[in-house]
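Input: a single structure, listed below in structure tokens.
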Amino acid sequence: MLRVAGAAQSFGDEQVFERLSLGVDAGEVVAVIGPSGVGKTTLLRTLALSLEPDEGTVTVDGTDAWAVDDAERLSMRRRVGMVFQEASLFDAPVARNVAYGLRVRRSWPDRLRSLVRSAGPADAVRESLAVVGMAEATCRPAASLSGGEAQRVSFARALAYDPDVLLLDEPTSDLDPRNTDVIEEAVEEARDRGIGVVVATHDMHQAERVADRVAVLLDGRITETAPADVLFEDPSDERTRQFISGELVY
Ligand SMILES: Nc1ncnc2c1ncn2[C@@H]1O[C@H](COP(=O)(O)OP(=O)(O)OP(=O)(O)O)[C@@H](O)[C@H]1O
Ligand SMILES: [Mg+2]
């Protein structure tokens, strides 16, 4: 559904990655693992169509997103929800934060408008918050939330938007085990709804728990992409093996 192929990305003289290919299909969870600074966030921003690759393509259902006009790219971008590494909520009640994505999406012409009409925006907000165990928090000011709660609300906001693809950047990096469980269950819920999920994480155990496929990003290349059980039990690439066994130190 959403795919990068042969992508290169650099900032100034610094090349972050090259010849990188990765895709996600509906109802699939793909984890991207790799050490800090390797380019996971940059890859997600490329998939989110917020960074144009220097080389290669990003396609949405086979259409090259950077070969179409801005209006068409905007409508492609709206099919992709991203939850950033740092939760970024407005200084407003939780429910308004979650409803924000819906308001944007209600300006859409097609299928979501009917969905929102049938369910009602308030229902979509409540239901998304329920997925992350925050249904009781609709009236709380966002500023009063703990870090874990804010992450959960950010996730709910992206889910309420009813994206086709959800990009999650280190969704549990500062969270305790309980909040981590809630987010991982919400990822499963998203997959069950047919959403394609790409999750960037340092946490190999998390990748093993949530992902159907895992891609390993090392030194600007994906060294290996494989089903989670295969990758962790029997990696075919030597550097992947070193990385997951902790022998490769950064
Ligand atoms: N806007 C930017 N301008 C210049 N350099 C950048 C920019 N964004 C990222 N970089 C550089 O690109 C490289 C990859 O960064 P990126 O944030 O994608 O890594 P990451 O894998 O997400 O790291 P982490 O695990 O710490 O979040 C780093 O060297 C970073 O300094
Ligand atoms: Mg990052």
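Chain labels A, B, ... are given in the sequence in which chains occur in the structure tokens; within each chain residues are numbered consecutively from 1, and ligands are likewise numbered from 1 in the order shown.
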
**OP:** Using DSSP on the backbone coordinates, identify the residues of segment 2-219 of chain A assigned to alpha helix (DSSP H); present them as a ChimeraX atom specification.
**Re:** /A:40-47,70-77,94-106,111-119,121-131,147-160,177-192,204-210

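Neighbours of ligand 2 at a cut-off of 10 Å, computed so that only C-alpha atoms and all ligand atoms are counted, are the residues A:Gly34, A:Pro35, A:Ser36, A:Gly37, A:Val38, A:Gly39, A:Lys40, A:Thr41, A:Thr42, A:Leu43, A:Leu44, A:Arg45, A:Phe84, A:Gln85, A:Glu86, A:Asp169, A:Glu170, A:Ala200, A:Thr201, A:His202.
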
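Backbone DSSP assigns strand (DSSP E) in segment 85-236 of chain A to Val165, Leu166, Leu167, Leu168, Asp169, Gly196, Val197, Val198, Val199, Ala200, Thr201, Arg213, Val214, Ala215, Val216, Leu217, Leu218, Arg221, Ile222, Thr223, Glu224, Thr225, Ala226 and Pro227 of chain A.
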
Could you write out the selected residues, including C-alpha atoms, as a compact mmCIF listing (two decimals), in the first residue's frame?
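Heads up, here's the output in selection.txt:
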# COMPACT_ATOMS: atom_id res chain seq x y z
CA VAL A 165 -1.25 3.54 7.36
CA LEU A 166 -0.01 4.41 10.83
CA LEU A 167 3.63 5.35 11.37
CA LEU A 168 4.78 5.08 14.97
CA ASP A 169 8.11 6.58 15.95
CA GLY A 196 -0.84 -1.01 7.86
CA VAL A 197 1.53 -0.08 10.70
CA VAL A 198 5.23 0.81 10.54
CA VAL A 199 6.84 1.09 13.96
CA ALA A 200 10.36 2.38 14.47
CA THR A 201 11.84 1.10 17.68
CA ARG A 213 7.99 -8.39 9.51
CA VAL A 214 11.11 -6.71 10.82
CA ALA A 215 13.56 -4.57 8.85
CA VAL A 216 17.02 -3.92 10.26
CA LEU A 217 18.53 -0.53 9.43
CA LEU A 218 22.30 -0.38 9.90
CA ARG A 221 21.14 0.30 4.51
CA ILE A 222 18.47 -2.21 5.35
CA THR A 223 20.57 -5.29 5.97
CA GLU A 224 17.65 -7.66 6.20
CA THR A 225 13.85 -7.77 6.17
CA ALA A 226 12.22 -10.96 7.36
CA PRO A 227 9.28 -12.34 9.33

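Considering only C-alpha atoms, the residue among A:Val32, A:Met134, A:Leu20, A:Ala48 positioned nearest to Leu2 of chain A is A:Ala48.
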
**OP:** Find the residues near Asp70 of chain A: any atom within 12 Å, counting only C-alpha atoms, skip ones fewer than 6 places away on the same chain, and give them as a ChimeraX atom specification.
**Re:** /A:49-50,76-77

With C-alpha atoms kept, could you save the residues just selected as a JSON list (two decimals), in the first residue's frame?
[["chain", "number", "residue", "atom", "x", "y", "z"],
["A", 49, "LEU", "CA", 5.55, 12.18, 2.46],
["A", 50, "SER", "CA", 6.94, 15.01, 4.55],
["A", 76, "MET", "CA", -2.22, 10.82, -0.19],
["A", 77, "ARG", "CA", -0.55, 12.29, 2.89]]

Could the residues of segment 48-108 of chain A that have an atom at most 12 Å from segment 10-14 of chain A be listed as CSV, each with its closest atom pair and the distance in Å to one decimal, counting only C-alpha atoms and ordered by chain and ascending residue number?
residue,atom,partner,partner_atom,distance
A:Leu51,CA,A:Ser10,CA,10.2
A:Glu52,CA,A:Ser10,CA,10.3
A:Pro53,CA,A:Ser10,CA,8.2
A:Asp54,CA,A:Ser10,CA,7.2
A:Glu55,CA,A:Ser10,CA,9.9

Please, could you write that set of residues out with C-alpha atoms as a JSON list (two decimals), in the first residue's frame?
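Output file again_25.json follows:
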[["chain", "number", "residue", "atom", "x", "y", "z"],
["A", 51, "LEU", "CA", 10.48, 14.55, 3.18],
["A", 52, "GLU", "CA", 11.05, 14.05, -0.53],
["A", 53, "PRO", "CA", 13.77, 11.46, -1.17],
["A", 54, "ASP", "CA", 16.87, 12.57, -3.10],
["A", 55, "GLU", "CA", 16.59, 9.41, -5.15]]

**OP:** Using only C-alpha atoms, determine which residues lie at most 10 Å from Asp229 of chain A, disregarding the query and same-chain residues fewer than 5 positions distant; provide the list as a list of chain:residue names.
**Re:** A:Glu208, A:Arg209, A:Ala211, A:Asp212, A:Arg213, A:Val214, A:Asp234, A:Pro235

Residue subset to file, keeping C-alpha atoms, as a PDB file, in the first residue's frame:
ATOM      1  CA  GLU A 208       9.440  -9.424  18.113  1.00  0.00           C
ATOM      2  CA  ARG A 209       6.174  -9.025  20.023  1.00  0.00           C
ATOM      3  CA  ALA A 211       5.639  -7.110  14.143  1.00  0.00           C
ATOM      4  CA  ASP A 212       4.809  -9.447  11.293  1.00  0.00           C
ATOM      5  CA  ARG A 213       7.987  -8.394   9.508  1.00  0.00           C
ATOM      6  CA  VAL A 214      11.108  -6.715  10.818  1.00  0.00           C
ATOM      7  CA  ASP A 234      17.903 -17.339  12.190  1.00  0.00           C
ATOM      8  CA  PRO A 235      19.045 -14.089  10.571  1.00  0.00           C
TER       9      PRO A 235
END

**OP:** Between A:Leu47, A:Val16, A:Leu145, A:Ser128, single out the one closest to ligand 1, counting only C-alpha atoms and all ligand atoms.
**Re:** A:Val16

**OP:** Give the answer as one residue: which of A:Val4, A:Val83, A:Ala124, A:Leu89 has the shortest atom-to-atom distance to Ser144 of chain A, using only C-alpha atoms?
**Re:** A:Leu89

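Each of A:Val98, A:Ala160, A:Cys139, A:Ile244 was checked against Ala190 of chain A using only C-alpha atoms; the smallest atom-to-atom distance is that of A:Ala160.
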